[in-house]
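query31.cif follows; it contains mmCIF, C-alpha atoms.
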```
data_final
#
loop_
_atom_site.label_atom_id
_atom_site.label_comp_id
_atom_site.auth_asym_id
_atom_site.auth_seq_id
_atom_site.Cartn_x
_atom_site.Cartn_y
_atom_site.Cartn_z
CA MET H 482 96.07 68.99 119.00
CA THR H 483 96.15 72.73 119.63
CA PRO H 484 97.77 74.75 116.86
CA LEU H 485 100.73 75.94 118.89
CA ALA H 486 101.53 72.54 120.37
CA THR H 487 104.33 72.12 117.84
CA PRO H 488 107.08 74.75 118.04
CA LEU H 489 107.55 74.83 114.25
CA ALA H 490 103.94 75.96 113.69
CA GLY H 491 104.49 78.88 116.08
CA TYR H 492 107.59 80.04 114.19
CA LEU H 493 105.81 79.62 110.85
CA LEU H 494 102.88 81.74 112.07
CA VAL H 495 105.22 84.49 113.29
CA ALA H 496 106.99 84.43 109.92
CA ALA H 497 103.66 84.59 108.05
CA LEU H 498 102.53 87.56 110.14
CA LEU H 499 105.84 89.36 109.61
CA PHE H 500 105.60 88.69 105.87
CA ALA H 501 102.08 90.15 105.81
CA ILE H 502 103.25 93.24 107.75
CA GLY H 503 106.12 93.76 105.31
CA LEU H 504 103.79 93.31 102.34
CA ALA H 505 101.33 95.82 103.80
CA GLY H 506 104.19 98.29 104.28
CA ALA H 507 105.46 97.81 100.73
CA LEU H 508 101.97 98.21 99.25
CA THR H 509 100.57 101.09 101.30
CA ARG H 510 103.44 103.53 101.90
CA ARG H 511 104.19 106.35 99.49
CA ASN H 512 107.90 106.68 100.12
CA ALA H 513 110.26 104.54 98.03
CA ILE H 514 112.56 103.91 101.03
CA MET H 515 109.61 102.52 103.01
CA VAL H 516 108.82 100.14 100.14
CA LEU H 517 112.41 98.86 100.32
CA ILE H 518 112.12 98.44 104.11
CA GLY H 519 108.92 96.43 103.59
CA ILE H 520 110.74 94.17 101.12
CA GLU H 521 113.53 93.67 103.67
CA LEU H 522 110.94 92.61 106.27
CA MET H 523 109.50 90.08 103.82
CA LEU H 524 112.96 88.64 103.07
CA ASN H 525 113.62 88.34 106.79
CA ALA H 526 110.34 86.47 107.32
CA ALA H 527 111.40 84.00 104.62
CA ASN H 528 114.76 83.56 106.40
CA LEU H 529 112.93 82.76 109.64
CA ASN H 530 110.99 80.05 107.79
CA LEU H 531 114.22 78.55 106.40
CA ILE H 532 115.93 78.48 109.81
CA ALA H 533 112.84 77.04 111.54
CA PHE H 534 112.54 74.22 108.99
CA TRP H 535 116.27 73.54 109.34
CA ARG H 536 115.96 73.32 113.15
CA PHE H 537 112.92 71.06 113.28
CA GLY H 538 113.50 69.12 110.05
CA PRO H 539 114.74 65.55 109.94
CA HIS H 540 118.37 66.20 108.91
CA PRO H 541 119.76 69.38 110.51
CA GLU H 542 123.34 68.08 110.18
CA ALA H 543 123.03 68.43 106.37
CA LEU H 544 122.95 72.24 106.92
CA THR H 545 120.77 72.85 103.85
CA GLY H 546 118.29 75.28 105.39
CA MET H 547 121.05 77.13 107.26
CA MET H 548 123.10 77.58 104.07
CA PHE H 549 120.02 78.78 102.20
CA ALA H 550 119.37 81.37 104.92
CA ILE H 551 123.00 82.59 104.88
CA PHE H 552 123.00 82.99 101.09
CA SER H 553 119.62 84.69 101.32
CA ILE H 554 121.04 87.21 103.83
CA ALA H 555 123.93 87.95 101.46
CA VAL H 556 121.62 88.44 98.46
CA ALA H 557 119.32 90.67 100.55
CA ALA H 558 122.29 92.86 101.49
CA ALA H 559 123.20 93.27 97.81
CA GLU H 560 119.58 94.08 96.99
CA ALA H 561 119.43 96.74 99.72
CA ALA H 562 122.60 98.43 98.45
CA VAL H 563 121.42 98.57 94.83
CA GLY H 564 117.86 99.56 95.77
CA LEU H 565 118.89 102.43 98.01
CA GLY H 566 121.42 103.57 95.37
CA LEU H 567 118.58 103.69 92.83
CA VAL H 568 116.40 105.67 95.26
CA ILE H 569 119.20 108.23 95.69
CA ALA H 570 119.69 108.47 91.91
CA ILE H 571 115.94 108.99 91.36
CA TYR H 572 115.90 111.63 94.10
CA ARG H 573 118.72 113.53 92.37
CA HIS H 574 116.72 113.42 89.16
CA THR H 575 113.21 114.28 90.36
CA ASN H 576 113.80 115.81 93.82
CA THR H 577 111.28 113.48 95.41
CA THR H 578 111.09 109.92 96.74
CA GLU H 579 107.28 109.75 96.74
CA LEU H 580 106.25 107.03 94.37
CA ASP H 581 103.02 108.59 93.11
CA LYS H 582 104.97 111.66 91.93
CA ILE H 583 107.47 109.57 89.98
CA ASN H 584 105.15 108.91 87.08
CA ARG H 585 107.22 109.15 83.91
CA MET H 586 110.09 107.13 82.56
CA LYS H 587 111.54 109.99 80.51
CA GLY H 588 113.73 112.33 82.53
CA MET S 1382 106.52 76.80 123.16
CA ASN S 1383 108.10 78.68 126.03
CA ALA S 1384 107.83 82.20 127.34
CA VAL S 1385 111.05 83.32 125.62
CA PHE S 1386 109.58 82.53 122.21
CA TYR S 1387 106.45 84.56 122.94
CA ILE S 1388 108.45 87.55 124.20
CA LEU S 1389 110.77 87.51 121.15
CA ALA S 1390 107.87 87.04 118.73
CA ALA S 1391 106.01 89.96 120.33
CA LEU S 1392 109.17 92.14 120.11
CA THR S 1393 109.72 91.27 116.44
CA LEU S 1394 106.10 91.79 115.42
CA ALA S 1395 105.84 95.05 117.40
CA GLY S 1396 108.97 96.30 115.60
CA GLY S 1397 107.48 95.34 112.24
CA LEU S 1398 104.13 96.97 112.99
CA ALA S 1399 105.80 100.16 114.22
CA THR S 1400 107.88 100.23 111.03
CA VAL S 1401 104.78 100.22 108.86
CA LEU S 1402 102.68 102.56 110.99
CA LEU S 1403 105.05 105.30 112.18
CA LYS S 1404 105.05 108.58 110.25
CA HIS S 1405 108.65 109.76 110.43
CA LEU S 1406 111.07 107.79 108.27
CA VAL S 1407 113.84 107.96 110.88
CA HIS S 1408 111.51 106.39 113.45
CA CYS S 1409 110.67 103.70 110.88
CA ALA S 1410 114.38 102.96 110.43
CA LEU S 1411 114.81 102.59 114.21
CA ALA S 1412 111.73 100.34 114.44
CA VAL S 1413 112.95 98.10 111.63
CA THR S 1414 116.24 97.76 113.51
CA VAL S 1415 114.25 96.47 116.51
CA ALA S 1416 112.52 93.96 114.21
CA PHE S 1417 115.90 92.81 112.82
CA ALA S 1418 117.24 92.39 116.37
CA GLY S 1419 114.18 90.38 117.37
CA LEU S 1420 114.67 88.12 114.36
CA ALA S 1421 118.35 87.63 115.26
CA LEU S 1422 117.30 86.61 118.78
CA LEU S 1423 114.72 84.20 117.29
CA PHE S 1424 117.53 82.66 115.21
CA LEU S 1425 119.58 82.21 118.40
CA GLN S 1426 116.52 80.67 120.05
CA LEU S 1427 116.41 78.20 117.13
CA ASP S 1428 120.03 77.13 117.87
CA ALA S 1429 121.28 78.77 114.66
CA GLN S 1430 124.06 80.79 116.27
CA PHE S 1431 125.96 81.53 113.07
CA ALA S 1432 122.87 82.77 111.22
CA GLY S 1433 121.84 84.85 114.25
CA PHE S 1434 125.16 86.67 114.48
CA ALA S 1435 125.31 87.04 110.68
CA GLN S 1436 121.86 88.63 110.91
CA ILE S 1437 123.12 91.08 113.55
CA LEU S 1438 126.23 91.95 111.51
CA VAL S 1439 124.53 92.28 108.14
CA TYR S 1440 121.16 93.75 109.01
CA ILE S 1441 121.76 95.85 112.13
CA GLY S 1442 125.34 96.67 111.17
CA ALA S 1443 124.97 97.35 107.45
CA VAL S 1444 121.42 97.47 106.11
CA ALA S 1445 120.04 99.69 108.90
CA ILE S 1446 122.95 102.12 108.44
CA LEU S 1447 122.37 102.13 104.67
CA ILE S 1448 118.68 102.93 105.21
CA VAL S 1449 119.52 105.82 107.57
CA PHE S 1450 122.03 107.20 105.06
CA ALA S 1451 119.46 106.98 102.26
CA ILE S 1452 116.88 108.79 104.41
CA LEU S 1453 119.32 111.57 105.25
CA LEU S 1454 120.54 111.94 101.64
CA THR S 1455 117.00 112.23 100.28
CA ARG S 1456 115.61 114.61 102.93
CA GLY S 1457 113.18 111.83 103.82
CA SER S 1458 112.85 113.13 107.37
CA GLU S 1459 110.41 115.80 106.20
CA LEU S 1460 106.76 114.78 106.39
CA PRO S 1461 104.97 114.73 103.01
CA LYS S 1462 101.87 116.88 102.64
CA GLY S 1463 99.52 114.20 101.37
CA GLY S 1464 100.09 111.78 104.27
CA VAL S 1465 102.46 108.85 104.43
CA PHE S 1466 100.04 106.26 103.01
CA SER S 1467 99.19 106.03 99.33
CA SER S 1468 95.68 106.65 98.05
CA THR S 1469 95.18 102.92 97.38
CA TRP S 1470 96.18 101.85 100.89
CA LEU S 1471 92.94 99.94 101.44
CA VAL S 1472 93.69 97.63 98.48
CA GLY S 1473 97.22 97.01 99.77
CA LEU S 1474 95.92 96.23 103.24
CA ALA S 1475 93.34 93.82 101.81
CA ILE S 1476 96.00 92.02 99.75
CA ALA S 1477 98.30 91.70 102.80
CA ALA S 1478 95.41 90.41 104.95
CA GLY S 1479 94.50 87.90 102.25
CA VAL S 1480 98.08 86.66 101.98
CA PHE S 1481 98.27 86.24 105.76
CA ALA S 1482 94.93 84.41 105.81
CA VAL S 1483 96.13 81.93 103.16
CA LEU S 1484 99.53 81.39 104.84
CA GLY S 1485 98.02 81.01 108.31
CA TRP S 1486 95.37 78.61 107.01
CA ALA S 1487 98.05 76.50 105.31
CA VAL S 1488 100.19 76.36 108.49
CA LEU S 1489 97.23 75.44 110.71
CA GLN S 1490 96.02 72.79 108.25
CA SER S 1491 99.43 71.12 108.07
CA VAL S 1492 100.16 71.24 111.80
CA ARG S 1493 100.01 67.43 112.03
CA ALA S 1494 102.32 66.93 109.07
CA VAL S 1495 105.09 69.35 110.07
CA PRO S 1496 108.29 67.74 111.29
CA GLN S 1497 108.95 67.71 115.03
CA GLN S 1498 112.62 67.03 115.52
CA ASN S 1499 113.24 68.21 119.06
CA ALA S 1500 116.86 67.11 119.50
CA VAL S 1501 119.14 70.16 119.49
CA PRO S 1502 121.35 69.98 116.37
CA VAL S 1503 125.06 70.17 117.13
CA VAL S 1504 126.49 72.37 114.39
CA THR S 1505 129.73 74.25 114.92
CA VAL S 1506 131.16 77.10 112.85
CA HIS S 1507 133.81 74.55 111.82
CA ASP S 1508 131.10 72.42 110.16
CA ILE S 1509 129.63 75.47 108.44
CA GLY S 1510 133.05 76.49 107.13
CA ASN S 1511 133.70 72.97 105.83
CA ALA S 1512 130.31 72.92 104.09
CA LEU S 1513 130.92 76.36 102.55
CA MET S 1514 134.32 75.30 101.23
CA GLY S 1515 133.12 71.86 100.13
CA ARG S 1516 129.61 71.20 98.96
CA TYR S 1517 128.55 74.85 98.69
CA VAL S 1518 131.69 76.34 97.17
CA LEU S 1519 130.09 77.18 93.81
CA PRO S 1520 127.17 79.13 95.37
CA LEU S 1521 129.70 80.86 97.63
CA GLU S 1522 131.73 82.04 94.63
CA ILE S 1523 128.57 83.18 92.84
CA VAL S 1524 127.47 85.16 95.90
CA ALA S 1525 130.95 86.73 96.09
CA LEU S 1526 130.64 87.78 92.44
CA LEU S 1527 127.12 89.08 93.03
CA LEU S 1528 128.20 91.14 96.05
CA THR S 1529 131.13 92.65 94.11
CA ALA S 1530 128.90 93.51 91.15
CA ALA S 1531 126.17 94.92 93.42
CA THR S 1532 128.64 97.11 95.34
CA ILE S 1533 130.19 98.52 92.17
CA GLY S 1534 126.75 98.96 90.60
CA ALA S 1535 125.35 100.76 93.64
CA VAL S 1536 128.30 103.15 93.70
CA ILE S 1537 128.01 103.88 89.96
CA VAL S 1538 124.22 104.36 90.11
CA ALA S 1539 124.36 106.69 93.12
CA MET S 1540 127.50 108.56 92.00
CA HIS S 1541 126.22 109.82 88.64
CA GLU S 1542 125.57 113.55 88.94
CA LYS S 1543 123.28 114.97 86.26
CA GLU S 1544 123.93 118.43 84.89
CA ARG S 1545 121.08 120.57 86.15
CA GLN S 1546 119.35 122.92 83.76
CA PRO S 1547 119.00 126.45 85.19
#
```
Translate this file's structure into structure tokens.
Amino acid sequence: MTPLATPLAGYLLVAALLFAIGLAGALTRRNAIMVLIGIELMLNAANLNLIAFWRFGPHPEALTGMMFAIFSIAVAAAEAAVGLGLVIAIYRHTNTTELDKINRMKG
Amino acid sequence: MNAVFYILAALTLAGGLATVLLKHLVHCALAVTVAFAGLALLFLQLDAQFAGFAQILVYIGAVAILIVFAILLTRGSELPKGGVFSSTWLVGLAIAAGVFAVLGWAVLQSVRAVPQQNAVPVVTVHDIGNALMGRYVLPLEIVALLLTAATIGAVIVAMHEKERQP
């Protein structure tokens, strides 16, 4: 059986690749906003997994995977708001958003 | 696997790659919007209409706008002198490649065991509303509380103006 013969495996591979791209962005960029964007990409990849398992799983009418994805979207929105608020507060304090220059906890 | 899936997957992954690789933060924000749109279209392709349109509303409508506002408020559109990647970028890249290798290996190993339900599920917004008000009402209330707390917290954190020393 070729790997992409099942549709679910294709979606899972796309989600894994997107997760790896988001992780690379979060780990390699210097700007705090880019780290948050990388985290958003990772959360979205997880949502794609949830929806794909819901679609191809045995009981889609139970709506479990769909509900999990919807709650995950809501929590990700809250996380983005708080994270970007923190970035703005840190910028006011230190005048930079580059993570390697934010190296002390005392103001 | 049809052609639409491949086109949407390529669009999403290209958006994600451009987000990580582009130099200007505003370009990154636009590229991540493309990735969010590709994911919403993938949700629609998976017959999850409600989640797809929620993705468009929440991510393209709210999160992308928030990111652009944060970039503009922090003068993030100026290029840093030391390059956009941190000095330990090779380690980060190796970790990401390792994670993808493990995930891809796991998916390819379990390709026989994954479920293959090919009948299109018939789920209306009516069903989703009933489930949200019935079985999932407690998580719904908790998410409502979380969103309220997060909104108030974000405003308080970003509003506080420190007295600057001359």
Next item on the list: Counting all atoms listed in the file, select every polymer residue within 9 Å of (118.9, 104.8, 96.2) as defined in the file's coordinates, and provide the selection as a VMD selection string.
Entry: (chain H and resid 513 to 514 561 to 572) or (chain S and resid 1451 1455 1535 1538 to 1539)
Note to self: Residues proximal to (116.5, 78.4, 109.7) were defined as those with any atom within 8 Å of that point in the file's coordinates, counting only C-alpha atoms. Which are they, as a PyMOL selection string?
What the structure shows: (chain H and resi 528-536+546-547+550) or (chain S and resi 1424+1427+1429+1432)
Could you write out the selected residues, including C-alpha atoms, as a PDB file, in the frame of the given file?
```
ATOM      1  CA  ASN H 528     114.760  83.560 106.400  1.00  0.00           C
ATOM      2  CA  LEU H 529     112.930  82.760 109.640  1.00  0.00           C
ATOM      3  CA  ASN H 530     110.990  80.050 107.790  1.00  0.00           C
ATOM      4  CA  LEU H 531     114.220  78.550 106.400  1.00  0.00           C
ATOM      5  CA  ILE H 532     115.930  78.480 109.810  1.00  0.00           C
ATOM      6  CA  ALA H 533     112.840  77.040 111.540  1.00  0.00           C
ATOM      7  CA  PHE H 534     112.540  74.220 108.990  1.00  0.00           C
ATOM      8  CA  TRP H 535     116.270  73.540 109.340  1.00  0.00           C
ATOM      9  CA  ARG H 536     115.960  73.320 113.150  1.00  0.00           C
ATOM     10  CA  GLY H 546     118.290  75.280 105.390  1.00  0.00           C
ATOM     11  CA  MET H 547     121.050  77.130 107.260  1.00  0.00           C
ATOM     12  CA  ALA H 550     119.370  81.370 104.920  1.00  0.00           C
TER      13      ALA H 550
ATOM     14  CA  PHE S1424     117.530  82.660 115.210  1.00  0.00           C
ATOM     15  CA  LEU S1427     116.410  78.200 117.130  1.00  0.00           C
ATOM     16  CA  ALA S1429     121.280  78.770 114.660  1.00  0.00           C
ATOM     17  CA  ALA S1432     122.870  82.770 111.220  1.00  0.00           C
TER      18      ALA S1432
END
```
Next item on the list: Starting from the shown file, work through the PyMOL selection byres ((chain H and resi 582) around 12) and note down what comes out as an NGL selection string.
Entry: (:H and (511-513 or 571-572 or 575-581 or 583-586)) or (:S and (1461 or 1463 or 1467))
Check: Exactly which residues make up the result of the PyMOL selection byres ((chain H and resi 516-527) around 10) on this file, given as a PyMOL selection string?
Finding: (chain H and resi 492-493+495-515+528-533+550+553-554+556-558+560-561+564-565+568+580) or (chain S and resi 1397+1400-1401+1409-1410+1413+1416-1417+1420-1421+1436+1440+1444-1445+1448)
How big is the axis-aligned box around all listed atoms of segment 496-505 of chain H once 8 Å goes on each side, and where's its centre, in Å to one decimal, as AutoDock Vina command-line options?
```
--center_x 104.2 --center_y 90.1 --center_z 106.2 --size_x 21.7 --size_y 27.4 --size_z 23.8
```
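The shortest atom-to-atom distance to Gly1464 of chain S, with all atoms listed in the file taken into account, belongs to S:Leu1403 out of S:Ile1388, S:Ala1525, S:Leu1403, S:Leu1519.
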Check: Using all atoms listed in the file, which of the listed residues (S:Leu1392, S:Val1536, S:Leu1411, S:Leu1453) sits closest to chain H?
Finding: S:Val1536
Find the residues around Ala543 of chain H up to 10 Å (all atoms listed in the file counted), leave out those fewer than 4 positions away in its own chain, and share them as a CSV table (one decimal) with C-alpha atoms, keeping the file's coordinate frame.
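Printed below is selection25.csv as written:
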```csv
chain,number,residue,atom,x,y,z
H,535,TRP,CA,116.3,73.5,109.3
H,539,PRO,CA,114.7,65.6,109.9
H,547,MET,CA,121.0,77.1,107.3
H,548,MET,CA,123.1,77.6,104.1
S,1504,VAL,CA,126.5,72.4,114.4
S,1508,ASP,CA,131.1,72.4,110.2
S,1509,ILE,CA,129.6,75.5,108.4
S,1512,ALA,CA,130.3,72.9,104.1
```
Next item on the list: Compare S:Ala1412, S:Ala1384, S:Leu1438, S:Leu1528 by their minimum atom-to-atom distance to chain H, counting all atoms listed in the file, and give me the closest one.
Entry: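 Comparing S:Ala1412, S:Ala1384, S:Leu1438, S:Leu1528 against chain H, the winner is S:Leu1528.
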Check: So how far away is atom CA of Glu542 of chain H from atom CA of Val1503 of chain S, in Å?
Finding: 7.5 Å
Margin query: For a test of reading the model, state the distance in Å between atom CA of Phe1386 of chain S and atom CA of Ala1475 of chain S, rounded to one decimal.
Written below: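 About the pair atom CA of Phe1386 of chain S and atom CA of Ala1475 of chain S: they are 28.4 Å apart.
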Checklist line | Counting only C-alpha atoms, the residue of S:Asn1511, S:Ser1491, S:Phe1481, S:Glu1522 that sits nearest chain H | finding: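 The answer is S:Phe1481, which sits nearest to chain H.
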Notebook entry, point to check: Pick the closest to chain H from S:Ile1523, S:Leu1406, S:Phe1466, S:Gly1515: which is it, counting only C-alpha atoms?
Noted result: S:Phe1466
